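Student: Below is the file protein06.txt, with compact mmCIF, C-alpha atoms (C1' of nucleotides).
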# COMPACT_ATOMS: atom_id res chain seq x y z
CA MET A 1 41.19 -20.04 -36.71
CA ASP A 2 38.16 -18.23 -38.05
CA ALA A 3 35.46 -16.76 -35.87
CA LYS A 4 33.20 -19.75 -36.34
CA SER A 5 35.80 -22.09 -34.89
CA GLU A 6 36.82 -19.77 -32.10
CA LEU A 7 33.37 -19.08 -30.76
CA PRO A 8 32.88 -22.44 -29.01
CA LEU A 9 36.27 -22.19 -27.33
CA ALA A 10 35.67 -18.61 -26.22
CA LEU A 11 32.30 -19.59 -24.75
CA ARG A 12 33.88 -22.48 -22.91
CA ALA A 13 36.75 -20.39 -21.57
CA ALA A 14 34.43 -17.67 -20.29
CA TYR A 15 32.07 -20.09 -18.59
CA MET A 16 34.86 -22.09 -17.00
CA ALA A 17 36.47 -18.95 -15.66
CA MET A 18 33.20 -17.78 -14.16
CA HIS A 19 32.46 -21.17 -12.67
CA ARG A 20 35.89 -21.47 -11.06
CA ARG A 21 35.73 -17.98 -9.63
CA THR A 22 32.30 -18.57 -8.22
CA ASP A 23 33.28 -21.86 -6.64
CA ALA A 24 36.25 -20.17 -5.01
CA GLN A 25 34.16 -17.26 -3.81
CA PHE A 26 31.53 -19.51 -2.22
CA ALA A 27 33.89 -22.15 -0.85
CA SER A 28 34.02 -20.56 2.59
CA TYR A 29 30.23 -20.84 2.75
CA GLY A 30 30.35 -24.53 1.94
CA ILE A 31 28.36 -24.00 -1.23
CA THR A 32 29.27 -24.67 -4.86
CA ALA A 33 28.49 -22.49 -7.85
CA ASP A 34 25.90 -24.95 -9.10
CA GLN A 35 24.23 -25.22 -5.73
CA PHE A 36 23.95 -21.45 -5.80
CA VAL A 37 22.14 -21.63 -9.13
CA LEU A 38 19.75 -24.16 -7.66
CA LEU A 39 19.06 -22.04 -4.60
CA ALA A 40 18.58 -18.96 -6.78
CA THR A 41 16.10 -20.81 -8.97
CA LEU A 42 14.19 -21.97 -5.93
CA SER A 43 14.11 -18.50 -4.43
CA ARG A 44 12.45 -17.23 -7.58
CA GLY A 45 9.74 -19.88 -7.69
CA ASN A 46 9.19 -21.86 -4.58
CA ALA A 47 7.48 -25.26 -4.30
CA LEU A 48 8.65 -26.42 -7.71
CA THR A 49 8.78 -30.07 -8.61
CA GLN A 50 12.24 -31.52 -9.09
CA ARG A 51 11.51 -31.75 -12.81
CA GLU A 52 10.51 -28.14 -13.11
CA LEU A 53 13.48 -27.08 -11.05
CA ALA A 54 15.78 -28.98 -13.40
CA ARG A 55 14.12 -27.42 -16.44
CA ARG A 56 14.63 -23.91 -15.16
CA MET A 57 18.25 -24.19 -14.09
CA PRO A 58 18.72 -25.73 -16.69
CA SER A 59 20.16 -29.02 -15.56
CA ASP A 60 19.58 -32.72 -15.71
CA PRO A 61 16.85 -34.13 -13.39
CA SER A 62 19.26 -36.79 -12.29
CA THR A 63 21.87 -34.21 -11.38
CA VAL A 64 19.32 -32.08 -9.57
CA ARG A 65 18.26 -35.03 -7.47
CA ALA A 66 21.84 -35.63 -6.31
CA MET A 67 22.19 -31.96 -5.45
CA LEU A 68 18.90 -31.95 -3.55
CA VAL A 69 19.93 -34.95 -1.48
CA LEU A 70 23.02 -33.04 -0.44
CA LEU A 71 21.28 -29.75 0.18
CA GLU A 72 18.55 -31.46 2.15
CA LYS A 73 21.15 -33.12 4.33
CA HIS A 74 22.62 -29.67 4.96
CA GLY A 75 19.16 -28.39 5.85
CA LEU A 76 18.88 -25.82 3.08
CA VAL A 77 15.94 -27.33 1.20
CA LYS A 78 12.96 -29.50 2.04
CA ARG A 79 11.17 -32.04 -0.17
CA ASP A 80 7.52 -32.90 0.33
CA VAL A 81 5.15 -35.09 -1.60
CA HIS A 82 3.22 -33.17 -4.22
CA PRO A 83 -0.39 -32.54 -3.14
CA ASN A 84 -1.94 -33.52 -6.47
CA ASP A 85 0.61 -35.94 -7.86
CA SER A 86 2.02 -38.63 -5.65
CA ARG A 87 4.81 -39.32 -8.11
CA ALA A 88 6.26 -35.84 -7.76
CA ARG A 89 7.92 -34.04 -4.89
CA THR A 90 7.86 -30.31 -4.29
CA VAL A 91 11.05 -28.56 -3.27
CA THR A 92 11.16 -25.51 -1.01
CA LEU A 93 13.84 -23.46 0.66
CA THR A 94 14.03 -23.80 4.42
CA THR A 95 14.48 -20.72 6.56
CA THR A 96 18.14 -21.57 6.80
CA GLY A 97 18.25 -21.96 3.05
CA LYS A 98 16.74 -18.54 2.49
CA ARG A 99 19.18 -16.88 4.83
CA LYS A 100 22.11 -18.68 3.26
CA PHE A 101 21.00 -17.62 -0.18
CA ARG A 102 20.85 -13.96 0.85
CA GLN A 103 24.40 -14.20 2.14
CA LEU A 104 25.54 -15.84 -1.07
CA TRP A 105 23.83 -13.27 -3.22
CA THR A 106 25.75 -10.55 -1.45
CA ALA A 107 29.02 -12.46 -1.62
CA GLY A 108 28.49 -12.99 -5.34
CA GLU A 109 28.05 -9.33 -6.11
CA THR A 110 31.80 -8.95 -6.49
CA ILE A 111 31.87 -11.37 -9.40
CA ARG A 112 28.75 -9.98 -11.06
CA LYS A 113 30.22 -6.52 -10.85
CA LYS A 114 33.53 -7.67 -12.25
CA MET A 115 31.83 -9.35 -15.20
CA PHE A 116 29.57 -6.39 -15.81
CA GLU A 117 32.44 -3.98 -15.92
CA ALA A 118 34.71 -6.21 -17.97
CA ILE A 119 32.42 -5.88 -20.98
CA GLN A 120 31.56 -2.19 -20.55
CA PRO A 121 28.02 -2.00 -19.18
CA ASP A 122 26.70 -0.79 -22.51
CA ASN A 123 27.34 -4.19 -24.02
CA ALA A 124 25.60 -6.18 -21.32
CA ALA A 125 22.18 -6.32 -22.92
CA LEU A 126 23.70 -7.16 -26.28
CA LEU A 127 25.82 -9.95 -24.84
CA ILE A 128 22.88 -11.43 -22.97
CA GLY A 129 20.88 -11.31 -26.17
CA LEU A 130 23.53 -13.12 -28.17
CA LEU A 131 23.99 -15.77 -25.50
CA THR A 132 20.26 -16.31 -25.35
CA GLN A 133 20.09 -16.72 -29.10
CA LEU A 134 22.85 -19.30 -28.88
CA ALA A 135 21.10 -21.25 -26.17
CA GLU A 136 17.76 -21.19 -27.95
CA SER A 137 19.28 -22.27 -31.21
CA LEU A 138 21.17 -25.13 -29.59
CA ASN A 139 18.28 -26.28 -27.46
CA GLY A 140 15.69 -25.97 -30.16
CA GLU A 141 15.24 -28.32 -33.08
CA SER A 142 17.63 -31.22 -33.22
CA LEU A 143 20.21 -30.53 -35.84
CA SER A 144 21.63 -33.47 -37.80
CA GLY A 145 20.97 -31.56 -41.02
CA SER A 146 20.12 -34.45 -43.27
CA SER A 147 18.31 -37.54 -42.06
CA LEU A 148 21.11 -38.80 -39.88
CA SER A 149 19.03 -39.65 -36.87
CA PRO A 150 15.55 -41.11 -37.21
CA THR A 151 14.75 -40.41 -33.58
CA ASN A 152 14.07 -36.72 -33.79
CA LYS A 153 12.00 -35.96 -30.77
CA VAL A 154 10.94 -32.43 -31.60
CA GLN A 155 9.57 -31.36 -28.27
CA SER A 156 8.51 -27.92 -29.37
CA ALA A 157 8.19 -25.07 -26.92
CA MET B 1 16.41 -9.01 -12.89
CA ASP B 2 18.83 -6.45 -14.21
CA ALA B 3 21.44 -7.15 -16.84
CA LYS B 4 24.20 -7.60 -14.28
CA SER B 5 22.31 -10.40 -12.59
CA GLU B 6 21.19 -12.06 -15.80
CA LEU B 7 24.57 -12.24 -17.46
CA PRO B 8 25.94 -15.14 -15.39
CA LEU B 9 22.80 -17.18 -15.99
CA ALA B 10 22.81 -16.46 -19.71
CA LEU B 11 26.45 -17.50 -19.96
CA ARG B 12 25.73 -20.69 -18.10
CA ALA B 13 22.69 -21.54 -20.20
CA ALA B 14 24.55 -20.99 -23.46
CA TYR B 15 27.54 -23.06 -22.43
CA MET B 16 25.44 -25.91 -21.09
CA ALA B 17 23.40 -26.03 -24.27
CA MET B 18 26.52 -26.16 -26.40
CA HIS B 19 28.11 -28.80 -24.22
CA ARG B 20 25.05 -31.04 -24.28
CA ARG B 21 24.68 -30.72 -28.03
CA THR B 22 28.30 -31.52 -28.59
CA ASP B 23 28.21 -34.54 -26.34
CA ALA B 24 25.19 -35.84 -28.21
CA GLN B 25 26.80 -35.18 -31.57
CA PHE B 26 29.99 -37.03 -30.66
CA ALA B 27 28.41 -39.86 -28.71
CA SER B 28 28.42 -42.20 -31.70
CA TYR B 29 32.18 -41.68 -31.97
CA GLY B 30 32.69 -42.64 -28.36
CA ILE B 31 34.12 -39.20 -27.58
CA THR B 32 32.92 -36.52 -25.19
CA ALA B 33 32.84 -32.78 -25.80
CA ASP B 34 35.70 -32.25 -23.37
CA GLN B 35 37.81 -34.97 -24.92
CA PHE B 36 37.31 -33.20 -28.21
CA VAL B 37 38.68 -30.00 -26.73
CA LEU B 38 41.71 -31.89 -25.49
CA LEU B 39 42.33 -33.50 -28.87
CA ALA B 40 41.91 -30.15 -30.59
CA THR B 41 44.40 -28.52 -28.26
CA LEU B 42 46.90 -31.29 -28.89
CA SER B 43 46.45 -31.08 -32.63
CA ARG B 44 47.42 -27.42 -32.48
CA GLY B 45 50.56 -27.92 -30.43
CA ASN B 46 51.89 -31.42 -30.21
CA ALA B 47 54.27 -32.79 -27.59
CA LEU B 48 52.94 -30.56 -24.84
CA THR B 49 53.45 -31.40 -21.21
CA GLN B 50 50.33 -32.31 -19.28
CA ARG B 51 50.60 -29.03 -17.44
CA GLU B 52 50.81 -26.95 -20.59
CA LEU B 53 47.96 -28.91 -22.11
CA ALA B 54 45.82 -28.16 -19.07
CA ARG B 55 46.74 -24.49 -19.21
CA ARG B 56 45.68 -24.17 -22.82
CA MET B 57 42.35 -25.97 -22.63
CA PRO B 58 41.87 -24.47 -20.03
CA SER B 59 41.30 -27.19 -17.48
CA ASP B 60 42.62 -28.57 -14.25
CA PRO B 61 45.84 -30.63 -14.43
CA SER B 62 44.18 -33.26 -12.32
CA THR B 63 41.25 -33.47 -14.70
CA VAL B 64 43.49 -33.59 -17.72
CA ARG B 65 45.38 -36.50 -16.25
CA ALA B 66 42.19 -38.52 -15.83
CA MET B 67 41.21 -37.73 -19.40
CA LEU B 68 44.63 -38.72 -20.70
CA VAL B 69 44.51 -42.06 -18.91
CA LEU B 70 41.24 -42.77 -20.70
CA LEU B 71 42.34 -41.51 -24.08
CA GLU B 72 45.60 -43.41 -23.83
CA LYS B 73 43.67 -46.58 -23.08
CA HIS B 74 41.64 -45.92 -26.21
CA GLY B 75 44.83 -45.44 -28.17
CA LEU B 76 44.25 -41.83 -29.16
CA VAL B 77 47.17 -40.24 -27.31
CA LYS B 78 50.60 -41.31 -26.15
CA ARG B 79 52.58 -40.13 -23.14
CA ASP B 80 56.38 -40.19 -23.04
CA VAL B 81 58.90 -38.96 -20.53
CA HIS B 82 60.04 -35.44 -21.21
CA PRO B 83 63.57 -35.35 -22.71
CA ASN B 84 64.83 -32.54 -20.46
CA ASP B 85 62.66 -32.92 -17.40
CA SER B 86 62.13 -36.32 -15.92
CA ARG B 87 59.23 -35.05 -13.84
CA ALA B 88 57.18 -34.14 -16.86
CA ARG B 89 55.54 -36.19 -19.57
CA THR B 90 54.93 -35.08 -23.13
CA VAL B 91 51.62 -35.87 -24.74
CA THR B 92 51.17 -36.53 -28.45
CA LEU B 93 48.35 -37.64 -30.70
CA THR B 94 48.72 -41.12 -32.15
CA THR B 95 47.93 -41.74 -35.78
CA THR B 96 44.57 -43.07 -34.70
CA GLY B 97 44.06 -39.98 -32.59
CA LYS B 98 44.77 -37.68 -35.51
CA ARG B 99 42.37 -39.52 -37.76
CA LYS B 100 39.68 -39.53 -35.09
CA PHE B 101 40.10 -35.83 -34.55
CA ARG B 102 39.64 -35.10 -38.24
CA GLN B 103 36.40 -37.07 -38.20
CA LEU B 104 35.21 -35.21 -35.13
CA TRP B 105 36.09 -31.85 -36.59
CA THR B 106 33.89 -32.59 -39.58
CA ALA B 107 31.08 -33.94 -37.42
CA GLY B 108 31.22 -30.84 -35.28
CA GLU B 109 30.81 -28.45 -38.18
CA THR B 110 27.03 -28.71 -37.88
CA ILE B 111 27.11 -27.23 -34.40
CA ARG B 112 29.65 -24.55 -35.21
CA LYS B 113 27.54 -23.51 -38.17
CA LYS B 114 24.40 -23.46 -36.09
CA MET B 115 26.01 -21.27 -33.46
CA PHE B 116 27.54 -18.97 -36.04
CA GLU B 117 24.23 -18.39 -37.74
CA ALA B 118 22.24 -18.04 -34.54
CA ILE B 119 24.01 -14.80 -33.72
CA GLN B 120 24.16 -13.35 -37.25
CA PRO B 121 27.73 -13.79 -38.48
CA ASP B 122 28.35 -10.07 -38.17
CA ASN B 123 28.24 -10.36 -34.40
CA ALA B 124 30.66 -13.26 -34.13
CA ALA B 125 33.82 -11.22 -33.68
CA LEU B 126 32.08 -8.96 -31.20
CA LEU B 127 30.77 -11.88 -29.15
CA ILE B 128 34.17 -13.56 -29.10
CA GLY B 129 35.70 -10.31 -27.96
CA LEU B 130 33.24 -9.90 -25.11
CA LEU B 131 33.66 -13.49 -23.97
CA THR B 132 37.41 -13.11 -24.04
CA GLN B 133 37.20 -9.96 -21.95
CA LEU B 134 35.07 -11.85 -19.45
CA ALA B 135 37.51 -14.72 -19.22
CA GLU B 136 40.52 -12.47 -18.85
CA SER B 137 38.86 -10.40 -16.20
CA LEU B 138 37.80 -13.45 -14.21
CA ASN B 139 41.10 -15.23 -14.54
CA GLY B 140 43.21 -12.21 -13.80
CA GLU B 141 43.70 -10.62 -10.43
CA SER B 142 41.94 -12.18 -7.51
CA LEU B 143 38.92 -10.10 -6.63
CA SER B 144 37.79 -10.07 -2.99
CA GLY B 145 37.31 -6.29 -3.20
CA SER B 146 36.78 -5.38 0.42
CA SER B 147 37.74 -7.60 3.30
CA LEU B 148 34.70 -9.86 3.12
CA SER B 149 36.54 -13.08 3.65
CA PRO B 150 39.49 -13.32 6.02
CA THR B 151 40.98 -16.21 4.07
CA ASN B 152 42.08 -14.26 1.04
CA LYS B 153 44.87 -16.22 -0.52
CA VAL B 154 46.07 -13.60 -2.95
CA GLN B 155 48.10 -15.71 -5.29
CA SER B 156 48.99 -12.93 -7.65
CA ALA B 157 49.61 -13.55 -11.33
C1' DT C 1 77.41 -27.82 -2.62
C1' DT C 2 73.63 -28.28 0.04
C1' DG C 3 69.24 -26.99 1.38
C1' DA C 4 64.84 -24.43 0.46
C1' DA C 5 61.30 -23.21 -2.69
C1' DT C 6 58.98 -24.56 -7.04
C1' DT C 7 57.08 -27.44 -10.25
C1' DC C 8 55.42 -31.99 -12.33
C1' DG C 9 52.51 -35.81 -12.15
C1' DT C 10 49.79 -38.89 -9.16
C1' DG C 11 46.06 -40.31 -6.21
C1' DC C 12 42.08 -39.41 -3.33
C1' DG C 13 37.72 -37.26 -2.04
C1' DT C 14 33.66 -34.68 -3.34
C1' DA C 15 30.43 -32.61 -6.53
C1' DT C 16 28.47 -32.01 -10.92
C1' DA C 17 26.55 -33.80 -15.53
C1' DC C 18 24.11 -36.91 -18.14
C1' DA C 19 22.46 -41.45 -20.17
C1' DC C 20 19.79 -45.28 -19.19
C1' DA C 21 16.85 -48.59 -16.94
C1' DC C 22 13.45 -49.20 -13.45
C1' DG C 23 9.13 -48.98 -10.60
C1' DA C 24 5.28 -46.20 -9.44
C1' DC C 25 1.81 -43.19 -10.63
C1' DT C 26 -1.17 -40.24 -14.06
C1' DT C 27 -3.28 -39.33 -18.10
C1' DC C 28 -5.40 -40.31 -22.19
C1' DC C 29 -7.80 -43.00 -25.43
C1' DT C 30 -11.03 -46.29 -26.65
C1' DA D 1 -13.52 -49.41 -16.94
C1' DG D 2 -9.19 -50.79 -18.68
C1' DG D 3 -5.00 -50.72 -20.85
C1' DA D 4 -1.38 -48.13 -23.35
C1' DA D 5 1.50 -44.21 -23.21
C1' DG D 6 3.62 -40.71 -20.87
C1' DT D 7 5.75 -38.65 -16.70
C1' DC D 8 8.15 -38.42 -11.99
C1' DG D 9 11.72 -39.73 -9.07
C1' DT D 10 15.27 -43.21 -8.08
C1' DG D 11 19.55 -45.63 -8.71
C1' DT D 12 23.69 -46.93 -11.32
C1' DG D 13 27.64 -46.21 -14.32
C1' DT D 14 30.88 -43.18 -16.60
C1' DA D 15 33.21 -38.82 -17.34
C1' DT D 16 34.47 -34.34 -16.05
C1' DA D 17 36.10 -30.68 -12.59
C1' DC D 18 38.73 -29.22 -8.92
C1' DG D 19 41.03 -28.97 -4.24
C1' DC D 20 44.49 -31.01 -1.61
C1' DA D 21 48.36 -33.76 -0.16
C1' DC D 22 52.13 -36.50 -1.60
C1' DG D 23 56.72 -38.04 -3.66
C1' DA D 24 60.08 -36.99 -7.06
C1' DA D 25 62.69 -33.92 -9.75
C1' DT D 26 64.31 -29.24 -10.87
C1' DT D 27 65.65 -24.65 -9.86
C1' DC D 28 67.15 -21.11 -7.02
C1' DA D 29 69.80 -19.15 -3.32
C1' DA D 30 73.28 -18.73 0.04
Give the structure from this file in structure tokens form.

Tutor:
Amino acid sequence: MDAKSELPLALRAAYMAMHRRTDAQFASYGITADQFVLLATLSRGNALTQRELARRMPSDPSTVRAMLVLLEKHGLVKRDVHPNDSRARTVTLTTTGKRKFRQLWTAGETIRKKMFEAIQPDNAALLIGLLTQLAESLNGESLSGSSLSPTNKVQSA
Amino acid sequence: MDAKSELPLALRAAYMAMHRRTDAQFASYGITADQFVLLATLSRGNALTQRELARRMPSDPSTVRAMLVLLEKHGLVKRDVHPNDSRARTVTLTTTGKRKFRQLWTAGETIRKKMFEAIQPDNAALLIGLLTQLAESLNGESLSGSSLSPTNKVQSA
DNA sequence: TTGAATTCGTGCGTATACACACGACTTCCT
DNA sequence: AGGAAGTCGTGTGTATACGCACGAATTCAA
């Protein structure tokens, strides 16, 4: 196994571990790791459309909708018709949602700290940089090298 | 946003991007990214029990079972009763499964190469090391630091 | 040996994750 | 203005992902 082959597995293992830990940590609050990401995204940019929310997470619009239906039922978010675009709906945190998010942020500190220390703090910026490069590279241009796929929707940044 | 807070998001974004890309790349083969991981794990240690397979992926035994039911229906894996333990079942790749995996490995090279180059090859070993440290730290001892949650099932290693 | 604790796989319930098709609305182009 | 193209959210289908409870088999202990 060379480094090139190991990298995908290492990335998967690290993410899965984090995701499981986070789910476990938030279980007593009745919130999943992914719902936490959604709430965090909302708290950093309120009144987003569902589309924009999905883009920032990042996640699939279809997935986000399902999550919003749940969270709305639990009273953590509210969806209103967009003032300028009657197709869209704006999503905002309710008061309950904001309070819940603050609790979760505190509860999550344990995991963030653990991760931060596991890599020696000096490496944090470097690791974030490498992960960001990975994401950008994989999200960017469609690969396919040669002309395998004729439907190359290059939706540039 | 300090580095400690950004790290979880960066890890998530990178993994999601990889997972999506891989799914898209393998779609024409009728195989998902996760099924590929399962096949790869099997190809590196045949005749594993379902439990051991799940441990190595890593994934949940319950999830692995569902995947195996599918893959068995597609004729890629075979499940037999364990010779020494009638509770367990051993999982092996069929001939078709082996051939399919070789095809997928080749098809996946594009993504591995893209990831490898995105981080400058020199950083590969370093990145793998950091990700491994993260996974080990998160999988290891249960955290819970102070007594935040009264329901601390400390199921030690 | 017999009974308790563990471990294996199964099955169910819930929550992502995403593709795809659909209807409704906006925008853009002529 | 009017129609084509694009965009937004919805709804469905499939595939993870995991917790939990269950029955069956194995292991451990007295």

Student: Return as CSV the residues of chain C lying at most 12 Å from chain B, together with the closest atom-to-atom pair for each and the distance in Å to one decimal, counting all atoms listed in the file, with rows in chain order and ascending residue number.

Tutor:
residue,atom,partner,partner_atom,distance
C:DT7,C1',B:Arg87,CA,8.7
C:DC8,C1',B:Arg87,CA,5.1
C:DG9,C1',B:Ala88,CA,6.8
C:DT10,C1',B:Ser62,CA,8.6
C:DG11,C1',B:Ser62,CA,9.5
C:DC12,C1',B:Ser62,CA,11.1
C:DA17,C1',B:Arg20,CA,9.3
C:DC18,C1',B:Arg20,CA,8.5
C:DA19,C1',B:Ala24,CA,10.2

Student: Which residues of chain B come within 12 Å of chain D, and what is each one's closest atom pair and distance in Å (one decimal), counting all atoms listed in the file, sorted by chain and residue number, as CSV?

Tutor:
residue,atom,partner,partner_atom,distance
B:His19,CA,D:DT16,C1',11.7
B:Asp23,CA,D:DA15,C1',11.1
B:Gly30,CA,D:DA15,C1',11.7
B:Ile31,CA,D:DA15,C1',10.3
B:Thr32,CA,D:DA15,C1',8.2
B:Ala33,CA,D:DT16,C1',10.0
B:Asp34,CA,D:DT16,C1',7.7
B:Gln35,CA,D:DT16,C1',9.5
B:Ala54,CA,D:DA17,C1',12.0
B:Pro58,CA,D:DA17,C1',11.3
B:Ser59,CA,D:DA17,C1',7.9
B:Asp60,CA,D:DC18,C1',6.6
B:Pro61,CA,D:DC18,C1',9.1
B:Ser62,CA,D:DC18,C1',7.6
B:Thr63,CA,D:DA17,C1',6.2
B:Val64,CA,D:DT16,C1',9.2
B:Arg65,CA,D:DT16,C1',11.1
B:Ala66,CA,D:DT16,C1',8.8
B:Met67,CA,D:DT16,C1',8.3
B:Leu68,CA,D:DA15,C1',11.9
B:Val69,CA,D:DA15,C1',11.9
B:Leu70,CA,D:DA15,C1',9.6
B:Leu71,CA,D:DA15,C1',11.7
B:His82,CA,D:DA25,C1',11.9
B:Asn84,CA,D:DT26,C1',10.2
B:Asp85,CA,D:DT26,C1',7.7
B:Ser86,CA,D:DA25,C1',6.6
B:Arg87,CA,D:DA25,C1',5.5
B:Ala88,CA,D:DA25,C1',9.0

Student: Could you state the separation of CA of Phe116 in chain A and CA of Leu7 in chain B in Å, given to one decimal place?

Tutor: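 Separating CA of Phe116 in chain A from CA of Leu7 in chain B is a distance of 7.9 Å.
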
Student: Compare B:Leu76, B:Ala125, B:Leu130, B:Leu138 by their minimum atom-to-atom distance to Glu6 in chain A, counting only C-alpha atoms, and give me the closest one.

Tutor: B:Ala125

Student: Find, counting only C-alpha atoms, the residue in B:Arg44, B:His74, B:Arg102, B:Arg21 that gets nearest to chain A.

Tutor: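 For chain A, the nearest of the candidates is B:Arg21.
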
Student: Using only C-alpha atoms (C1' of nucleotides) and a cutoff of 9 Å, can you tell me which residues are near (57.5, -32.2, -28.0) in the file's coordinates, and write them out as a list in words?

Tutor: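 The distance filter leaves exactly Gly45, Asn46, Ala47, Leu48, Thr49, His82, Pro83, Thr90, Val91 and Thr92 of chain B.
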